[in-house]
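Next comes structure14.cif, a file with mmCIF, C-alpha atoms.
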data_entry
loop_
_atom_site.label_atom_id
_atom_site.label_comp_id
_atom_site.auth_asym_id
_atom_site.auth_seq_id
_atom_site.Cartn_x
_atom_site.Cartn_y
_atom_site.Cartn_z
CA MET A 1 -17.04 14.11 17.22
CA THR A 2 -15.69 10.76 16.16
CA GLU A 3 -12.13 11.98 16.69
CA GLU A 4 -12.95 12.14 20.41
CA PHE A 5 -13.78 8.44 20.71
CA ARG A 6 -11.14 6.74 22.83
CA THR A 7 -12.35 3.19 23.33
CA LEU A 8 -12.83 0.26 21.01
CA SER A 9 -16.42 -0.23 22.17
CA GLN A 10 -17.27 3.41 21.34
CA TRP A 11 -15.95 3.03 17.82
CA VAL A 12 -17.71 -0.28 17.24
CA SER A 13 -21.02 1.12 18.50
CA PHE A 14 -20.66 4.17 16.27
CA LEU A 15 -19.71 2.25 13.13
CA GLU A 16 -22.43 -0.34 13.70
CA THR A 17 -25.09 2.15 12.59
CA ALA A 18 -23.09 4.94 10.93
CA THR A 19 -24.09 6.06 7.45
CA LEU A 20 -21.14 5.14 5.28
CA PRO A 21 -20.01 7.61 2.62
CA VAL A 22 -18.93 6.24 -0.75
CA PHE A 23 -16.78 7.65 -3.51
CA ARG A 24 -18.39 10.20 -5.80
CA ASN A 25 -17.54 8.27 -8.96
CA SER A 26 -19.32 5.20 -7.56
CA LEU A 27 -22.52 7.19 -7.15
CA ALA A 28 -22.13 8.75 -10.59
CA ASP A 29 -21.51 5.41 -12.32
CA LEU A 30 -24.46 3.77 -10.57
CA GLU A 31 -26.72 6.65 -11.57
CA MET A 32 -25.60 6.35 -15.18
CA LEU A 33 -26.47 2.66 -15.14
CA ARG A 34 -29.85 3.34 -13.59
CA LEU A 35 -30.72 5.64 -16.48
CA ASP A 36 -29.48 3.20 -19.14
CA GLU A 37 -31.88 0.27 -19.38
CA GLU A 38 -29.73 -1.50 -21.95
CA GLN A 39 -26.68 -1.54 -19.69
CA LEU A 40 -28.42 -1.95 -16.33
CA SER A 41 -28.03 -5.45 -14.90
CA VAL A 42 -26.98 -7.21 -11.73
CA LEU A 43 -23.56 -7.83 -13.27
CA THR A 44 -22.87 -4.23 -14.31
CA VAL A 45 -24.06 -2.86 -10.96
CA ALA A 46 -21.94 -5.41 -9.08
CA ARG A 47 -18.85 -4.36 -11.03
CA VAL A 48 -19.30 -0.76 -9.89
CA VAL A 49 -19.98 -1.75 -6.28
CA LEU A 50 -16.88 -3.94 -6.12
CA ARG A 51 -14.65 -1.02 -7.15
CA ASP A 52 -15.59 0.64 -3.86
CA PRO A 53 -14.80 -1.53 -0.79
CA ILE A 54 -16.79 0.68 1.58
CA LEU A 55 -19.84 0.49 -0.68
CA THR A 56 -19.37 -3.27 -0.89
CA ALA A 57 -19.38 -3.51 2.90
CA HIS A 58 -22.46 -1.29 3.05
CA VAL A 59 -24.37 -3.62 0.70
CA LEU A 60 -23.47 -6.70 2.76
CA ARG A 61 -24.32 -4.94 6.03
CA TYR A 62 -27.70 -3.85 4.67
CA LEU A 63 -28.50 -7.36 3.51
CA GLN A 64 -27.60 -8.86 6.87
CA ASN A 65 -29.71 -6.26 8.70
CA HIS A 66 -32.70 -7.00 6.47
CA ARG A 67 -32.24 -10.72 6.15
CA SER A 68 -35.41 -12.67 5.49
CA ARG A 69 -36.29 -15.41 7.95
CA HIS A 70 -36.74 -17.66 4.91
CA GLN A 71 -33.13 -17.11 3.84
CA GLU A 72 -31.29 -20.26 4.86
CA THR A 73 -27.86 -19.70 3.33
CA GLU A 74 -25.41 -16.88 4.00
CA ILE A 75 -24.76 -14.55 1.10
CA ILE A 76 -21.18 -13.48 0.62
CA GLU A 77 -20.87 -12.15 -2.93
CA VAL A 78 -22.28 -8.86 -4.19
CA GLU A 79 -23.99 -10.38 -7.22
CA GLN A 80 -25.88 -12.77 -4.96
CA ALA A 81 -26.86 -9.90 -2.69
CA LEU A 82 -28.20 -7.87 -5.62
CA LEU A 83 -30.19 -10.83 -6.88
CA VAL A 84 -31.81 -11.23 -3.47
CA LEU A 85 -32.48 -7.51 -3.02
CA GLY A 86 -33.49 -6.70 -6.58
CA LEU A 87 -32.15 -3.66 -8.40
CA ASP A 88 -35.15 -1.47 -7.57
CA ALA A 89 -34.70 -2.07 -3.84
CA PHE A 90 -30.96 -1.59 -4.19
CA TYR A 91 -31.36 1.88 -5.65
CA GLN A 92 -34.26 2.96 -3.46
CA LYS A 93 -33.24 1.52 -0.11
CA VAL A 94 -29.56 0.59 -0.10
CA MET A 95 -28.30 3.67 -1.93
CA GLY A 96 -30.68 6.16 -0.37
CA GLY A 97 -29.10 8.82 1.83
CA LEU A 98 -25.47 7.80 1.36
CA GLY A 99 -22.86 10.49 1.84
CA VAL A 100 -19.87 11.25 -0.38
CA VAL A 101 -16.33 10.48 0.77
CA GLU A 102 -14.85 13.52 -1.00
CA ASP A 103 -17.30 15.81 0.83
CA ARG A 104 -16.59 14.18 4.17
CA LEU A 105 -12.84 14.65 3.75
CA SER A 106 -12.92 18.00 1.95
CA GLU A 107 -10.83 19.58 4.73
CA HIS A 108 -8.43 16.64 4.92
CA PRO A 109 -6.99 16.09 1.41
CA ALA A 110 -4.09 14.01 2.74
CA ALA A 111 -6.52 11.63 4.40
CA LEU A 112 -8.51 11.34 1.16
CA THR A 113 -5.34 10.51 -0.74
CA ASN A 114 -4.46 7.80 1.78
CA LEU A 115 -7.98 6.36 1.69
CA GLN A 116 -7.87 6.17 -2.10
CA ARG A 117 -4.51 4.44 -1.85
CA VAL A 118 -5.83 1.83 0.60
CA GLY A 119 -8.86 1.28 -1.64
CA ARG A 120 -6.69 0.64 -4.70
CA ARG A 121 -4.50 -1.64 -2.61
CA ALA A 122 -7.57 -3.62 -1.55
CA GLU A 123 -8.61 -4.05 -5.19
CA ARG A 124 -5.15 -5.37 -6.09
CA ALA A 125 -5.20 -7.78 -3.15
CA ALA A 126 -8.62 -9.05 -4.24
CA ASP A 127 -7.38 -9.56 -7.80
CA TYR A 128 -4.37 -11.52 -6.57
CA ALA A 129 -6.48 -13.67 -4.26
CA ARG A 130 -8.94 -14.52 -7.02
CA GLU A 131 -6.20 -15.41 -9.52
CA TRP A 132 -4.46 -17.64 -7.01
CA ALA A 133 -7.73 -19.30 -5.96
CA ILE A 134 -8.42 -20.16 -9.60
CA ARG A 135 -4.92 -21.61 -9.90
CA LEU A 136 -5.62 -23.71 -6.78
CA ASN A 137 -8.90 -24.96 -8.33
CA ASP A 138 -10.95 -23.20 -5.68
CA ARG A 139 -14.36 -22.99 -7.31
CA ARG A 140 -15.55 -20.50 -4.68
CA PHE A 141 -12.97 -17.92 -5.69
CA GLY A 142 -15.54 -15.15 -5.31
CA GLU A 143 -15.53 -15.64 -1.56
CA VAL A 144 -11.75 -15.32 -1.42
CA TYR A 145 -11.96 -12.19 -3.57
CA MET A 146 -14.44 -10.58 -1.15
CA ALA A 147 -12.34 -11.46 1.89
CA ALA A 148 -9.25 -9.81 0.42
CA LEU A 149 -11.23 -6.76 -0.70
CA LEU A 150 -12.60 -6.18 2.82
CA HIS A 151 -9.55 -7.32 4.78
CA ASP A 152 -8.55 -3.73 5.64
CA LEU A 153 -12.07 -2.32 5.93
CA ALA A 154 -11.50 -0.92 9.44
CA GLU A 155 -8.51 1.11 8.24
CA MET A 156 -10.58 2.57 5.41
CA LEU A 157 -13.38 3.53 7.79
CA LEU A 158 -10.93 5.19 10.16
CA TRP A 159 -9.51 7.27 7.31
CA VAL A 160 -13.07 8.48 6.77
CA PHE A 161 -14.12 9.06 10.38
CA ALA A 162 -10.79 9.64 12.18
CA PRO A 163 -8.52 11.26 9.57
CA LEU A 164 -6.48 13.31 12.06
CA GLN A 165 -5.67 10.30 14.20
CA LEU A 166 -4.61 8.15 11.25
CA LEU A 167 -2.51 10.98 9.85
CA LYS A 168 -0.81 11.21 13.24
CA ILE A 169 -0.08 7.47 13.14
CA ARG A 170 1.30 7.70 9.62
CA GLU A 171 3.50 10.69 10.50
CA ALA A 172 4.94 8.87 13.51
CA GLN A 173 5.84 5.84 11.42
CA GLN A 174 7.39 7.96 8.69
CA MET A 175 9.57 9.68 11.28
CA ASP A 176 10.64 6.36 12.82
CA ASN A 177 10.24 3.30 10.61
CA THR A 178 11.24 1.00 13.48
CA LEU A 179 7.96 1.67 15.28
CA ARG A 180 5.56 -1.26 15.34
CA SER A 181 2.19 -0.41 13.80
CA GLN A 182 0.27 -1.96 16.66
CA ASP A 183 2.18 0.07 19.27
CA VAL A 184 1.51 3.39 17.52
CA GLN A 185 -2.15 2.51 16.98
CA GLU A 186 -2.55 1.64 20.66
CA GLU A 187 -0.99 4.93 21.67
CA VAL A 188 -3.03 7.13 19.32
CA LEU A 189 -6.34 5.25 19.06
CA GLY A 190 -6.35 3.29 22.28
CA PHE A 191 -6.70 0.01 20.33
CA THR A 192 -5.34 -1.65 17.20
CA VAL A 193 -6.96 -1.43 13.79
CA ARG A 194 -6.99 -5.24 13.67
CA ALA A 195 -9.01 -5.36 16.91
CA LEU A 196 -11.53 -2.92 15.45
CA GLN A 197 -11.79 -4.98 12.27
CA HIS A 198 -12.46 -8.15 14.26
CA GLU A 199 -15.20 -6.63 16.40
CA LEU A 200 -16.78 -4.70 13.57
CA VAL A 201 -17.36 -7.57 11.16
CA ILE A 202 -18.91 -9.61 13.95
CA ARG A 203 -21.23 -6.81 15.07
CA TRP A 204 -22.23 -6.14 11.47
CA GLY A 205 -23.24 -9.76 11.22
CA LEU A 206 -21.17 -10.46 8.13
CA PRO A 207 -21.28 -14.10 6.95
CA HIS A 208 -19.28 -16.46 9.15
CA LEU A 209 -17.22 -17.80 6.25
CA LEU A 210 -16.26 -14.30 5.17
CA ILE A 211 -15.19 -13.44 8.72
CA MET A 212 -13.04 -16.58 8.89
CA LEU A 213 -11.38 -15.83 5.55
CA MET A 214 -10.56 -12.30 6.72
CA GLU A 215 -8.95 -13.51 9.97
CA ASP A 216 -5.19 -14.04 9.69
CA ALA A 217 -5.39 -16.20 12.83
CA HIS A 218 -6.84 -19.03 10.68
CA ALA A 219 -3.69 -19.12 8.55
CA THR A 220 -3.56 -22.94 8.58
CA SER A 221 -6.34 -22.86 5.98
CA SER A 222 -4.99 -22.52 2.44
CA ARG A 223 -7.88 -20.19 1.56
CA VAL A 224 -7.11 -17.86 4.46
CA ARG A 225 -3.42 -18.02 3.63
CA ASN A 226 -4.30 -17.03 0.08
CA VAL A 227 -6.07 -13.92 1.36
CA THR A 228 -3.31 -13.03 3.83
CA LEU A 229 -0.54 -13.37 1.25
CA ALA A 230 -2.50 -11.39 -1.34
CA VAL A 231 -3.01 -8.56 1.17
CA ASN A 232 0.68 -8.64 2.10
CA LEU A 233 1.82 -8.53 -1.52
CA ALA A 234 -0.50 -5.62 -2.32
CA ARG A 235 0.65 -3.70 0.78
CA HIS A 236 4.38 -4.25 0.27
CA SER A 237 4.37 -3.64 -3.50
CA ASP A 238 2.48 -0.42 -2.85
CA ASN A 239 5.77 0.85 -1.40
CA GLY A 240 7.51 0.00 -4.69
CA TRP A 241 8.73 -3.23 -6.28
CA ASP A 242 12.04 -2.85 -4.45
CA ASP A 243 10.39 -3.16 -1.01
CA ALA A 244 12.53 -5.30 1.30
CA ALA A 245 9.61 -7.51 2.32
CA LEU A 246 8.80 -8.70 -1.20
CA PRO A 247 11.34 -11.56 -1.42
CA ASP A 248 9.72 -13.18 1.63
CA ASP A 249 6.31 -12.66 0.01
CA TYR A 250 7.47 -14.40 -3.18
CA ASN A 251 8.78 -17.31 -1.14
CA GLU A 252 5.55 -17.78 0.83
CA ILE A 253 3.35 -17.37 -2.23
CA GLY A 254 5.51 -19.93 -4.00
CA GLN A 255 4.91 -22.40 -1.19
CA LEU A 256 1.17 -21.85 -1.48
CA LEU A 257 1.05 -22.16 -5.28
CA ARG A 258 3.88 -24.70 -5.61
CA MET A 259 6.00 -22.34 -7.64
CA THR A 260 9.53 -21.07 -7.25
CA PRO A 261 9.92 -17.58 -5.78
CA LEU A 262 11.43 -16.45 -9.09
CA ASP A 263 8.42 -17.75 -11.04
CA VAL A 264 6.09 -15.97 -8.60
CA ARG A 265 7.94 -12.70 -9.15
CA ARG A 266 7.83 -13.13 -12.91
CA TRP A 267 4.11 -13.83 -12.68
CA VAL A 268 2.98 -10.99 -10.42
CA VAL A 269 5.18 -8.11 -11.53
CA PRO A 270 4.03 -8.15 -15.19
CA HIS A 271 0.46 -8.08 -13.87
CA GLU A 272 1.26 -4.77 -12.23
CA THR A 273 2.95 -3.48 -15.40
CA GLU A 274 -0.14 -4.33 -17.44
CA ARG A 275 -2.43 -2.64 -14.92
CA PHE A 276 -0.24 0.46 -15.13
CA ARG A 277 -0.44 0.46 -18.93
CA ARG A 278 -4.23 0.14 -18.84
CA SER A 279 -4.43 3.13 -16.50
CA LEU A 280 -2.64 5.43 -18.97
#

Could you show the structure in this file as structure tokens?
Amino acid sequence: MTEEFRTLSQWVSFLETATLPVFRNSLADLEMLRLDEEQLSVLTVARVVLRDPILTAHVLRYLQNHRSRHQETEIIEVEQALLVLGLDAFYQKVMGGLGVVEDRLSEHPAALTNLQRVGRRAERAADYAREWAIRLNDRRFGEVYMAALLHDLAEMLLWVFAPLQLLKIREAQQMDNTLRSQDVQEEVLGFTVRALQHELVIRWGLPHLLIMLMEDAHATSSRVRNVTLAVNLARHSDNGWDDAALPDDYNEIGQLLRMTPLDVRRWVVPHETERFRRSL
């Protein structure tokens, strides 16, 4: 049914209340923690949640929808959200009735593969953004981390709910790499993924600061620029460390961090090598 949606407003209305599926291993890991009183804590639960960007968004959306009138400050980080909710409420109310991504996309294995790839890319972007924020003495580095993690949330949701359309977009770009992403998205979806992201985070009532950090239009802010450059580096390096866009990324990151492009490259590439080694 969702594949038939043709307007931005239809998609936003649907996603505003849709039950979001999460990855099977997220559910399994959370259940293991629930049964292990020695390991169960806000910190250990938050670590699992943050490995799944869609689950992270679901937690924030739930908190905003059930916000207490006595809550004066906006909550951006998952640990804060879990402290406010309490672990019992998290398991009983937040996690109740969630679907499984792998079941949802059982007939679309290519879409599942692409969704997993975007999710891993989001985690890398978040790691970059946090490391750079710490280097820039940004004490609220957790906010920057969250913004980078959720920067491409709309794309992830479309891989879940509109796999055929996103596969069509990907196929068109693979056949002609000169096509602009926005043009193909407009033709296939009727709107751009960026437009959906903008409307969605507002309708979900996500914290204002988080929305601002996720918006590339606010690039004059060093914190927003941090997020944007982290997302760009994760996206371009996902194509391989010989991607033609990477030299420009190194140059811009160097300007942000006051490093030479060569030093930036030496810094970030070994990080990827170490992550690869840890995955073996």

*Using all atoms listed in the file: which of A:Glu102, A:Gln185, A:Ala154, A:Leu27 has the shortest distance to Leu167 in chain A*: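 Of all the options, A:Gln185 lies closest to Leu167 in chain A.
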
*range 221-230 of chain A surroundings by all atoms listed in the file, 12 Å radius, close-in-sequence under 3 positions cut, as number ranges by chain*: A: 121-152, 209-218, 233-237, 245-246, 248-257, 268

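Our summary of the geometry notes that CA of Pro109 in chain A is positioned 9.6 Å from CA of Pro163 in chain A.
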
*Hey, can you check how far CA of Val84 in chain A sits from CA of Leu33 in chain A?*
18.9 Å

*Find the residues near Leu50 in chain A: any atom within 10 Å, counting only C-alpha atoms, skip ones fewer than 3 places away on the same chain, and give them as a list in words.*
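Skipping anything fewer than 3 positions along the chain leaves Ser26, Val45, Ala46, Arg47, Pro53, Ile54, Leu55, Thr56, Ala57, Glu77, Val78, Glu79, Glu123, Ala126, Tyr145, Met146 and Leu149 of chain A.
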
*Quick one: everything within 12 Å of Ala172 in chain A, counting all atoms listed in the file, minus sequence neighbours fewer than 6 positions away in the same chain. Send it as a ChimeraX atom specification.*
/A:165-166,178-181,183-185,187-188

*Can you work out the spacing between CA of Glu37 in chain A and CA of Val49 in chain A in Å, to one decimal?*
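Going from CA of Glu37 in chain A over to CA of Val49 in chain A, I get 17.8 Å.
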
*Selection near range 7-9 of chain A, 12 Å with all atoms listed in the file, sequence-local residues under 6 positions removed, as a list of chain:residue names*: A:Leu15, A:Glu16, A:Ala154, A:Gln185, A:Glu186, A:Glu187, A:Val188, A:Leu189, A:Gly190, A:Phe191, A:Thr192, A:Val193, A:Arg194, A:Ala195, A:Leu196, A:Gln197, A:His198, A:Glu199, A:Leu200, A:Arg203

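Of the listed residues A:Tyr62, A:Phe161, A:Trp267, A:Trp204, the one whose atoms come nearest to Trp11 in chain A is A:Phe161, with distances taken using only C-alpha atoms.
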
_Selected residue of minimal separation from His66 in chain A among A:Arg51, A:Lys168, A:His208, A:Lys93, counting only C-alpha atoms_ =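 Closest residue, counting only C-alpha atoms: A:Lys93.
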
*Residues selected by the PyMOL selection byres ((chain A and resi 25) around 10), written as a list in words*: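 With the shown file as input, the PyMOL selection byres ((chain A and resi 25) around 10) matches Val22, Phe23, Arg24, Ser26, Leu27, Ala28, Asp29, Leu30, Glu31, Val48, Arg51, Asp52, Val100 and Glu102 of chain A.
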
*Name the closest residue to Val94 in chain A among the candidates A:Ile75, A:Leu60, A:Val12, A:Leu43; distances are taken between atoms, counting all atoms listed in the file.*
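Closest candidate: A:Leu60.
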
_Which of A:His108, A:Arg170, A:Arg265, A:Arg34 sits closest to Asp88 in chain A [using only C-alpha atoms]_ =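 When distances to Asp88 in chain A are compared using only C-alpha atoms, the smallest one comes from A:Arg34.
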
*Can you work out which one of A:Val42, A:Ile169, A:Val231, A:Leu98 has the shortest atom-to-atom distance to Leu83 in chain A, counting only C-alpha atoms?*
A:Val42
